[in-house]
Amino acid sequence: LDALVEKSKQHFIKTFNSDPDPLYKLAVEHVESVEKWALSIATNYTETNLEILHVAIWLHDIGQFVTDKLEDHAQSSEIETRRFLHQIGLNQIDIDTIAHCVRAHRCRDIMPISIEAKILAVCDSASHFTESTYIDMARRGLKKDVIAKVERDYRDVCLLPGIQERIKPLYNAWKNLLRVYPCE
Ligand SMILES: [Fe+2]
Ligand SMILES: [Fe+2]
């Protein structure tokens, strides 16, 4: 791993380890699963700056562990990303590029524009289909929320062509699972 990526990874692990909430125990597994998706998608976009992408991947959810959990973590993660990258002396252009990826990863009020930001947003959504996010939410009684999340994630992978087709069998499988899941 590149030194900057490694520093970002260590900063994320240290920050999330300081959070006592067991709900977040899967945070590192989540980021690793986003990285796996990113590796498989970025090869199709040779213009991708992989260092920028991987730093953004490690920092995109960090705001969940530094502020009030009700706050939009795209915003709090951007603030923490800028603070951390400035502190370790990264140049302003790279800070802005990484901060954009982090800020836009939820595709809500700000949409991803750069290729690195689009790959992060797509991989973040795609990763939910290949980890335990949805079943964990259903288990906690959040069936309505999780059904809406599956739809949002499936919509957001559209940012890059071909990914929705790849995800489709998983999308259908999760919808079927949630339909018969015994709650609410
Ligand atoms: Fe996130
Ligand atoms: Fe995420």
# chains A, B, ... in the order shown; residues from 1 in each chain; ligands from 1

$ residues_around --residues "Leu85 of chain A" --least-positions-apart "3" --cutoff "12 Å" --atoms "only C-alpha atoms" --output "JSON, numbers by chain"
{"A": [4, 5, 7, 8, 11, 52, 55, 56, 59, 77, 78, 79, 80, 81, 82, 88, 89, 90, 91, 92, 93, 94, 95, 96, 97, 98, 99]}

$ closest_atom_pairs --of "chain A" --to "ligand 1" --cutoff "7 Å" --atoms "only C-alpha atoms and all ligand atoms" --output "tab-separated table"
residue	atom	partner	partner_atom_place_in_ligand_line	distance
A:His60	CA	ligand 1	1 (Fe)	6.2
A:Asp61	CA	ligand 1	1 (Fe)	4.7
A:His73	CA	ligand 1	1 (Fe)	6.6
A:Ala74	CA	ligand 1	1 (Fe)	6.5
A:His105	CA	ligand 1	1 (Fe)	6.6
A:Arg106	CA	ligand 1	1 (Fe)	6.1

$ write_last_selection --atoms "N, CA and C atoms" --output "tab-separated table (two decimals), in the first residue's frame"
chain	number	residue	atom	x	y	z
A	60	HIS	N	-14.27	7.72	3.79
A	60	HIS	CA	-15.61	8.18	3.42
A	60	HIS	C	-16.64	8.09	4.55
A	61	ASP	N	-16.49	7.15	5.47
A	61	ASP	CA	-17.48	7.02	6.55
A	61	ASP	C	-16.94	7.48	7.91
A	73	HIS	N	-23.45	11.95	7.68
A	73	HIS	CA	-22.01	11.64	7.80
A	73	HIS	C	-21.23	11.97	6.53
A	74	ALA	N	-21.92	12.28	5.42
A	74	ALA	CA	-21.17	12.75	4.24
A	74	ALA	C	-20.53	14.10	4.57
A	105	HIS	N	-20.39	10.83	-1.62
A	105	HIS	CA	-20.53	9.37	-1.69
A	105	HIS	C	-21.96	8.87	-1.44
A	106	ARG	N	-22.81	9.69	-0.83
A	106	ARG	CA	-24.19	9.22	-0.58
A	106	ARG	C	-25.15	9.64	-1.69

$ residues_near_ligand --ligand "ligand 2" --cutoff "9 Å" --atoms "only C-alpha atoms and all ligand atoms" --output "list in words"
Ala27, His30, Val31, Val34, Ile57, His60, Asp61, His105, Arg106, Leu120, Ala121, Cys123, Asp124, Ser125, Ser127 and His128 of chain A

$ select_by_dssp --residues "chain A" --states "helix (DSSP H, G or I)" --output "ChimeraX atom specification"
/A:3-17,22-24,27-42,50-59,62-65,73-87,92-104,115-129,133-139,143-159,163-180

$ residues_around --residues "segment 130-137 of chain A" --least-positions-apart "3" --cutoff "12 Å" --atoms "only C-alpha atoms" --output "ChimeraX atom specification"
/A:23-34,36-37,123-127,140-151,153,166-167,169-171,173-175,177-179,181-183

$ residues_around --residues "Phe65 of chain A" --least-positions-apart "3" --cutoff "7 Å" --atoms "only C-alpha atoms" --output "PyMOL selection string"
chain A and resi 15-16+19+62

$ write_last_selection --atoms "C-alpha atoms" --output "short mmCIF file (atom, residue, chain, number, x, y, z; two decimals), in the first residue's frame"
data_model
loop_
_atom_site.label_atom_id
_atom_site.label_comp_id
_atom_site.auth_asym_id
_atom_site.auth_seq_id
_atom_site.Cartn_x
_atom_site.Cartn_y
_atom_site.Cartn_z
CA THR A 15 -10.94 6.66 15.05
CA PHE A 16 -13.47 3.86 14.78
CA ASP A 19 -16.24 4.34 19.29
CA ILE A 62 -15.12 8.39 9.21
#

$ atom_distance --atom1 "atom CA of Asp72 of chain A" --atom2 "atom CA of Arg103 of chain A"
9.9 Å

$ atom_distance --atom1 "atom CA of Ser114 of chain A" --atom2 "atom CA of Asn49 of chain A"
10.2 Å

$ residues_around --residues "Cys107 of chain A" --least-positions-apart "3" --cutoff "12 Å" --atoms "only C-alpha atoms" --output "PyMOL selection string"
chain A and resi 72+74-75+100-104+110-113+117-122+124-125+152-153+155-159

$ write_last_selection --atoms "N, CA and C atoms" --output "tab-separated table (two decimals), in the first residue's frame"
chain	number	residue	atom	x	y	z
A	72	ASP	N	-25.64	14.17	9.03
A	72	ASP	CA	-25.32	13.53	7.75
A	72	ASP	C	-23.82	13.25	7.73
A	74	ALA	N	-21.92	12.28	5.42
A	74	ALA	CA	-21.17	12.75	4.24
A	74	ALA	C	-20.53	14.10	4.57
A	75	GLN	N	-21.27	14.91	5.34
A	75	GLN	CA	-20.73	16.22	5.74
A	75	GLN	C	-19.66	16.09	6.81
A	100	HIS	N	-14.10	15.92	-2.22
A	100	HIS	CA	-15.28	15.82	-3.10
A	100	HIS	C	-15.82	14.38	-3.13
A	101	CYS	N	-14.92	13.41	-3.25
A	101	CYS	CA	-15.35	12.00	-3.27
A	101	CYS	C	-16.13	11.66	-2.00
A	102	VAL	N	-15.58	12.07	-0.86
A	102	VAL	CA	-16.18	11.75	0.43
A	102	VAL	C	-17.54	12.45	0.56
A	103	ARG	N	-17.57	13.73	0.21
A	103	ARG	CA	-18.80	14.54	0.37
A	103	ARG	C	-19.95	14.01	-0.49
A	104	ALA	N	-19.61	13.47	-1.69
A	104	ALA	CA	-20.65	13.06	-2.64
A	104	ALA	C	-21.00	11.58	-2.56
A	110	ILE	N	-25.30	16.38	-2.82
A	110	ILE	CA	-24.17	16.63	-3.72
A	110	ILE	C	-23.88	15.36	-4.50
A	111	MET	N	-23.83	15.46	-5.83
A	111	MET	CA	-23.60	14.28	-6.66
A	111	MET	C	-22.13	14.16	-7.05
A	112	PRO	N	-21.66	12.91	-7.19
A	112	PRO	CA	-20.25	12.71	-7.59
A	112	PRO	C	-20.00	13.20	-9.02
A	113	ILE	N	-18.91	13.92	-9.21
A	113	ILE	CA	-18.57	14.44	-10.54
A	113	ILE	C	-17.33	13.74	-11.11
A	117	ALA	N	-14.87	9.87	-7.55
A	117	ALA	CA	-16.08	10.04	-6.71
A	117	ALA	C	-17.19	9.10	-7.17
A	118	LYS	N	-17.33	8.94	-8.50
A	118	LYS	CA	-18.36	8.03	-9.01
A	118	LYS	C	-18.05	6.59	-8.61
A	119	ILE	N	-16.78	6.20	-8.73
A	119	ILE	CA	-16.41	4.81	-8.37
A	119	ILE	C	-16.67	4.58	-6.88
A	120	LEU	N	-16.30	5.55	-6.03
A	120	LEU	CA	-16.55	5.38	-4.59
A	120	LEU	C	-18.05	5.22	-4.31
A	121	ALA	N	-18.88	6.09	-4.89
A	121	ALA	CA	-20.33	6.03	-4.64
A	121	ALA	C	-20.90	4.69	-5.12
A	122	VAL	N	-20.48	4.25	-6.30
A	122	VAL	CA	-20.98	2.99	-6.85
A	122	VAL	C	-20.52	1.81	-5.97
A	124	ASP	N	-19.59	1.86	-2.82
A	124	ASP	CA	-20.21	1.92	-1.50
A	124	ASP	C	-21.59	1.26	-1.56
A	125	SER	N	-22.37	1.61	-2.59
A	125	SER	CA	-23.70	1.01	-2.74
A	125	SER	C	-23.60	-0.47	-3.09
A	152	ARG	N	-32.44	2.41	-3.03
A	152	ARG	CA	-31.50	3.55	-3.21
A	152	ARG	C	-30.14	3.05	-3.72
A	153	ASP	N	-29.65	1.97	-3.09
A	153	ASP	CA	-28.35	1.44	-3.50
A	153	ASP	C	-28.38	0.95	-4.94
A	155	ARG	N	-30.33	2.01	-7.27
A	155	ARG	CA	-30.40	3.20	-8.13
A	155	ARG	C	-28.99	3.83	-8.27
A	156	ASP	N	-28.27	3.94	-7.16
A	156	ASP	CA	-26.99	4.66	-7.18
A	156	ASP	C	-25.90	3.93	-7.97
A	157	VAL	N	-25.98	2.61	-8.11
A	157	VAL	CA	-24.95	1.92	-8.90
A	157	VAL	C	-25.06	2.27	-10.39
A	158	CYS	N	-26.18	2.90	-10.79
A	158	CYS	CA	-26.37	3.38	-12.18
A	158	CYS	C	-25.38	4.43	-12.62
A	159	LEU	N	-24.70	5.06	-11.66
A	159	LEU	CA	-23.74	6.12	-12.00
A	159	LEU	C	-22.69	5.65	-13.00

$ atom_distance --atom1 "atom CA of Thr48 of chain A" --atom2 "atom CA of Gly63 of chain A"
24.6 Å
